[in-house]
Amino acid sequence: MDVLGYLRLVRRHWWIVLVTVMLALGTAALVTVRTAPRYEASVTFFVTTPSQGVTDAYQGSLFLQQRVKSYGDLLTSDRLAQSVVADAPLGLTADQVRNRIRTASTTGTVLLKATITDTDQTRALKTTETLATKFTELVRKVETPPDGKAPPIKIEVVSGPRVTSNPVSPQPTRNLVMGGLLGLLLGAALAVLRGLADVRMRDGAALQRVTGSPLLGEIPYETGAKAAPLIVGAAATSARAEAVRKLRTNLRFVDVHEPARVIAVTSALQGEGKTTMACNTAIALAEAGWRVLLIDADLRRPKVADYLGLDGGVGLTDVLVGDVQVGDVVQRWGEKSLLVLPSGATPPNPSELLGSKSMADLLVALRDSADIVVIDTAPLLAVTDGVVVAVQADGALLVTQQGRTSRSQVAAAANALSSVSVRLLGCVLNMAKVAKSDAYQYEAYKVVLPPAAPSVPADRAGSRRGAKAVKGDRTQELTRLSR
């Protein structure tokens, strides 16, 4: 995965980043509030030695630089800490004093700095003053030769002791900035891990890779689609309707050398919108002038009749068992060249019925009566009905809902079709999240219907009647089925 892929994962799971940053800022603020203020008191010593001439000065400087390193350890020694505690009642033990001392020396110089950190500003200053006095005495004592001569090292205080007027810690601004940055990095990492661990189908490219078939359409999610699933009326000018029309175009040209006339619409799981997709695809094909027959072959949970507002009491099941003729139960829908064959009564053996010779013979007869036959089938992973119907069709269209179906489930559905040599025409990503820029482009360019449709001129009406007359001989058989 490239950098853009990781950024898309972070954007997709932005709420993880936000929550992590807020928790980090809250933790940093809590730590800052609960941390006692700490003050620093410091003193700087200058280490020198008597010297004569340039040579002596150079040798003495090297000697002192080596000595300064030892004095840094002497500042944190137990002996010095005990003498500080014994000289002044600070309320601290020798170990506490020693732990509060930090030393620093600059390379190439003879300056030595001691810093004491304490929660009590006054005590920090008093401890530093006592430390400066006792350290000078200790160095003079340990450097004095046994014969009592003057020591070769001299320690002088050149800066301090002084204490900071403001606490050196905690630092609210620094803590909050560090907490925010750490939260941002941790949140981004968690978002990427969450995205990599997410096995659900999130985009069309992944769906195309898993199924090994072309992506024929991405149907955008619309809040009003549940109440009005069909692309008619006001929904005919929506972005969802335009996406279905793109699917119609792609479906017709997916294989120009071997066009599919009988299309089985299915999905891996139930509730992914396959029935809505079958109905809308049939409507879109009928709008383009094709003679379309929509068959509800989901005999377990039929929905086509409910969506289209038709009577589904008698239909495919009754035809297959020989109770009625197909022409008696096919219903015309709307003013378009769309005929619908409902599912009919629920049979006890739907798989056997759909795989029977009667079903095969029916599809052969209906293939000659319509330009395109669209069949709504059962989900592939739930029952075998969908595979049984898809085997008898020219190809299958696999519908997958974004963010619901896992990659393994989609792969299992595709394998179920390929295992019986079903031609997978392509896949459709349903209820997809569309970028705002794409939605804006469609809204800016969509067709706005006038309040009232204008009357058709006589010459144009005559030309349309002529076009319909050309197809009249081809539609006679389909019309007889609908009677």
# chains A, B, ... in the order shown; residues from 1 in each chain; ligands from 1
call {"tool": "residues_around", "arguments": {"residues": "Thr27 in chain A", "least_positions_apart": "4", "cutoff": "9 Å", "atoms": "only C-alpha atoms", "output": "ChimeraX atom specification"}}
result
/A:22-23,31-32,176,179
call {"tool": "residues_around", "arguments": {"residues": "Ala81 in chain A", "least_positions_apart": "3", "cutoff": "8 Å", "atoms": "only C-alpha atoms", "output": "list in words"}}
result
Thr76, Ser77, Asp78, Val84, Val85, Ala94, Asp95, Val97 and Arg98 of chain A
call {"tool": "write_last_selection", "arguments": {"atoms": "all heavy atoms", "output": "short mmCIF file (atom, residue, chain, number, x, y, z; two decimals), in the first residue's frame"}}
result
data_model
loop_
_atom_site.label_atom_id
_atom_site.label_comp_id
_atom_site.auth_asym_id
_atom_site.auth_seq_id
_atom_site.Cartn_x
_atom_site.Cartn_y
_atom_site.Cartn_z
N THR A 76 28.13 15.26 43.84
CA THR A 76 27.02 14.33 44.13
C THR A 76 27.45 13.21 45.06
O THR A 76 26.80 12.16 45.12
CB THR A 76 26.49 13.72 42.81
OG1 THR A 76 27.57 13.05 42.13
CG2 THR A 76 25.91 14.79 41.91
N SER A 77 28.52 13.43 45.79
CA SER A 77 29.03 12.40 46.70
C SER A 77 28.24 12.38 48.01
O SER A 77 27.60 13.37 48.39
CB SER A 77 30.51 12.62 46.98
OG SER A 77 30.69 13.87 47.66
N ASP A 78 28.27 11.26 48.69
CA ASP A 78 27.60 11.14 49.99
C ASP A 78 28.23 12.06 51.03
O ASP A 78 27.53 12.60 51.89
CB ASP A 78 27.66 9.69 50.47
CG ASP A 78 26.83 8.76 49.60
OD1 ASP A 78 25.88 9.26 48.96
OD2 ASP A 78 27.12 7.55 49.56
N VAL A 84 26.15 18.94 53.98
CA VAL A 84 25.12 19.94 53.74
C VAL A 84 23.97 19.76 54.72
O VAL A 84 23.45 20.73 55.29
CB VAL A 84 24.62 19.85 52.28
CG1 VAL A 84 23.38 20.73 52.08
CG2 VAL A 84 25.71 20.28 51.31
N VAL A 85 23.55 18.52 54.93
CA VAL A 85 22.45 18.24 55.85
C VAL A 85 22.84 18.57 57.28
O VAL A 85 22.02 19.11 58.06
CB VAL A 85 22.02 16.76 55.71
CG1 VAL A 85 21.01 16.40 56.79
CG2 VAL A 85 21.43 16.51 54.33
N ALA A 94 20.35 12.96 53.49
CA ALA A 94 21.51 13.08 52.62
C ALA A 94 21.21 12.52 51.23
O ALA A 94 21.62 13.09 50.22
CB ALA A 94 22.71 12.37 53.24
N ASP A 95 20.47 11.38 51.17
CA ASP A 95 20.13 10.81 49.87
C ASP A 95 19.20 11.74 49.09
O ASP A 95 19.33 11.86 47.86
CB ASP A 95 19.45 9.46 50.07
CG ASP A 95 20.44 8.39 50.53
OD1 ASP A 95 21.65 8.59 50.30
OD2 ASP A 95 20.00 7.39 51.13
N VAL A 97 19.08 15.00 49.27
CA VAL A 97 19.89 16.13 48.76
C VAL A 97 20.70 15.69 47.55
O VAL A 97 20.78 16.40 46.53
CB VAL A 97 20.80 16.66 49.88
CG1 VAL A 97 21.79 17.67 49.31
CG2 VAL A 97 19.97 17.30 50.98
N ARG A 98 21.30 14.51 47.64
CA ARG A 98 22.13 14.02 46.55
C ARG A 98 21.31 13.79 45.28
O ARG A 98 21.79 14.06 44.17
CB ARG A 98 22.83 12.73 46.98
CG ARG A 98 23.80 12.16 45.97
CD ARG A 98 24.65 11.08 46.61
NE ARG A 98 23.81 10.09 47.27
CZ ARG A 98 23.24 9.06 46.64
NH1 ARG A 98 23.41 8.91 45.34
NH2 ARG A 98 22.52 8.20 47.31
#
call {"tool": "atom_distance", "arguments": {"atom1": "CA of Ala396 in chain A", "atom2": "CA of Ser267 in chain A"}}
result
9.7 Å
call {"tool": "closest_residue", "arguments": {"among": "A:Asp361, A:Asp376, A:Asn175, A:Gly233", "to": "Leu30 in chain A", "atoms": "only C-alpha atoms"}}
result
A:Asn175
call {"tool": "residues_around", "arguments": {"residues": "Arg12 in chain A", "least_positions_apart": "2", "cutoff": "10 Å", "atoms": "only C-alpha atoms", "output": "PDB file with N, CA and C atoms, in the first residue's frame"}}
result
ATOM      1  N   TYR A   6      -2.434   4.831   2.840  1.00  0.00           N
ATOM      2  CA  TYR A   6      -2.425   5.020   4.299  1.00  0.00           C
ATOM      3  C   TYR A   6      -3.180   6.286   4.689  1.00  0.00           C
ATOM      4  N   LEU A   7      -3.018   7.342   3.890  1.00  0.00           N
ATOM      5  CA  LEU A   7      -3.744   8.579   4.196  1.00  0.00           C
ATOM      6  C   LEU A   7      -5.254   8.380   4.068  1.00  0.00           C
ATOM      7  N   ARG A   8      -5.667   7.569   3.105  1.00  0.00           N
ATOM      8  CA  ARG A   8      -7.100   7.289   2.977  1.00  0.00           C
ATOM      9  C   ARG A   8      -7.620   6.514   4.180  1.00  0.00           C
ATOM     10  N   LEU A   9      -6.789   5.613   4.714  1.00  0.00           N
ATOM     11  CA  LEU A   9      -7.197   4.881   5.919  1.00  0.00           C
ATOM     12  C   LEU A   9      -7.343   5.821   7.104  1.00  0.00           C
ATOM     13  N   VAL A  10      -6.406   6.767   7.233  1.00  0.00           N
ATOM     14  CA  VAL A  10      -6.492   7.734   8.328  1.00  0.00           C
ATOM     15  C   VAL A  10      -7.737   8.604   8.164  1.00  0.00           C
ATOM     16  N   TRP A  14     -11.097   8.798  10.822  1.00  0.00           N
ATOM     17  CA  TRP A  14     -10.696  10.060  11.444  1.00  0.00           C
ATOM     18  C   TRP A  14     -11.139  10.147  12.895  1.00  0.00           C
ATOM     19  N   TRP A  15     -12.233   9.494  13.225  1.00  0.00           N
ATOM     20  CA  TRP A  15     -12.744   9.576  14.595  1.00  0.00           C
ATOM     21  C   TRP A  15     -11.780   8.925  15.575  1.00  0.00           C
ATOM     22  N   ILE A  16     -11.033   7.910  15.125  1.00  0.00           N
ATOM     23  CA  ILE A  16     -10.029   7.298  16.003  1.00  0.00           C
ATOM     24  C   ILE A  16      -8.931   8.302  16.320  1.00  0.00           C
ATOM     25  N   ALA A 191      -5.473   4.227  13.423  1.00  0.00           N
ATOM     26  CA  ALA A 191      -6.373   4.296  12.270  1.00  0.00           C
ATOM     27  C   ALA A 191      -5.877   3.404  11.138  1.00  0.00           C
ATOM     28  N   VAL A 192      -4.563   3.416  10.899  1.00  0.00           N
ATOM     29  CA  VAL A 192      -4.001   2.561   9.847  1.00  0.00           C
ATOM     30  C   VAL A 192      -4.178   1.086  10.208  1.00  0.00           C
ATOM     31  N   ARG A 194      -6.418  -0.154  12.185  1.00  0.00           N
ATOM     32  CA  ARG A 194      -7.845  -0.465  12.094  1.00  0.00           C
ATOM     33  C   ARG A 194      -8.262  -0.684  10.636  1.00  0.00           C
ATOM     34  N   GLY A 195      -7.712   0.144   9.741  1.00  0.00           N
ATOM     35  CA  GLY A 195      -8.028  -0.015   8.331  1.00  0.00           C
ATOM     36  C   GLY A 195      -7.469  -1.309   7.750  1.00  0.00           C
ATOM     37  N   ARG A 202     -14.656  -1.905   1.191  1.00  0.00           N
ATOM     38  CA  ARG A 202     -14.713  -0.460   1.388  1.00  0.00           C
ATOM     39  C   ARG A 202     -14.705   0.350   0.106  1.00  0.00           C
TER      40      ARG A 202
END
call {"tool": "closest_residue", "arguments": {"among": "A:Asp2, A:Asp371, A:Glu40, A:Asp73", "to": "Ala260 in chain A", "atoms": "only C-alpha atoms"}}
result
A:Asp371
call {"tool": "residues_around", "arguments": {"residues": "Ala88 in chain A", "least_positions_apart": "3", "cutoff": "10 Å", "atoms": "only C-alpha atoms", "output": "list in words"}}
result
Ser83, Val84, Val85, Gly91, Leu92, Lys126, Thr127 and Thr130 of chain A
call {"tool": "atom_distance", "arguments": {"atom1": "CA of Arg34 in chain A", "atom2": "CA of Ile101 in chain A"}}
result
23.4 Å
call {"tool": "residues_around", "arguments": {"residues": "Leu339 in chain A", "least_positions_apart": "5", "cutoff": "8 Å", "atoms": "only C-alpha atoms", "output": "mmCIF file with N, CA and C atoms, in the first residue's frame"}}
result
data_model
loop_
_atom_site.group_PDB
_atom_site.id
_atom_site.type_symbol
_atom_site.label_atom_id
_atom_site.label_comp_id
_atom_site.auth_asym_id
_atom_site.auth_seq_id
_atom_site.Cartn_x
_atom_site.Cartn_y
_atom_site.Cartn_z
ATOM 1 N N VAL A 292 -37.979 -5.328 -21.766
ATOM 2 C CA VAL A 292 -37.374 -5.917 -20.572
ATOM 3 C C VAL A 292 -38.414 -6.739 -19.830
ATOM 4 N N LEU A 293 -37.977 -7.904 -19.355
ATOM 5 C CA LEU A 293 -38.803 -8.751 -18.504
ATOM 6 C C LEU A 293 -38.067 -8.953 -17.192
ATOM 7 N N LEU A 294 -38.698 -8.566 -16.090
ATOM 8 C CA LEU A 294 -38.117 -8.708 -14.755
ATOM 9 C C LEU A 294 -38.774 -9.896 -14.063
ATOM 10 N N VAL A 330 -47.885 -12.562 -16.139
ATOM 11 C CA VAL A 330 -46.970 -11.458 -16.414
ATOM 12 C C VAL A 330 -47.735 -10.151 -16.362
ATOM 13 N N GLN A 331 -47.190 -9.161 -15.676
ATOM 14 C CA GLN A 331 -47.864 -7.879 -15.496
ATOM 15 C C GLN A 331 -47.014 -6.751 -16.084
ATOM 16 N N ARG A 332 -47.686 -5.837 -16.753
ATOM 17 C CA ARG A 332 -46.993 -4.669 -17.288
ATOM 18 C C ARG A 332 -46.881 -3.622 -16.189
ATOM 19 N N TRP A 333 -45.703 -3.001 -16.118
ATOM 20 C CA TRP A 333 -45.458 -1.995 -15.086
ATOM 21 C C TRP A 333 -45.282 -0.631 -15.735
ATOM 22 N N SER A 482 -48.478 -10.387 -21.729
ATOM 23 C CA SER A 482 -48.972 -9.511 -20.688
ATOM 24 C C SER A 482 -50.490 -9.455 -20.630
#
call {"tool": "residues_around", "arguments": {"residues": "Arg200 in chain A", "least_positions_apart": "6", "cutoff": "7 Å", "atoms": "only C-alpha atoms", "output": "list of chain:residue names"}}
result
A:Gly403, A:Arg404, A:Thr405, A:Ser406, A:Arg407
call {"tool": "select_by_dssp", "arguments": {"residues": "range 223-400 of chain A", "states": "strand (DSSP E or B)", "output": "PyMOL selection string"}}
result
chain A and resi 262-267+292-296+331-332+338-341+372-376+395-400
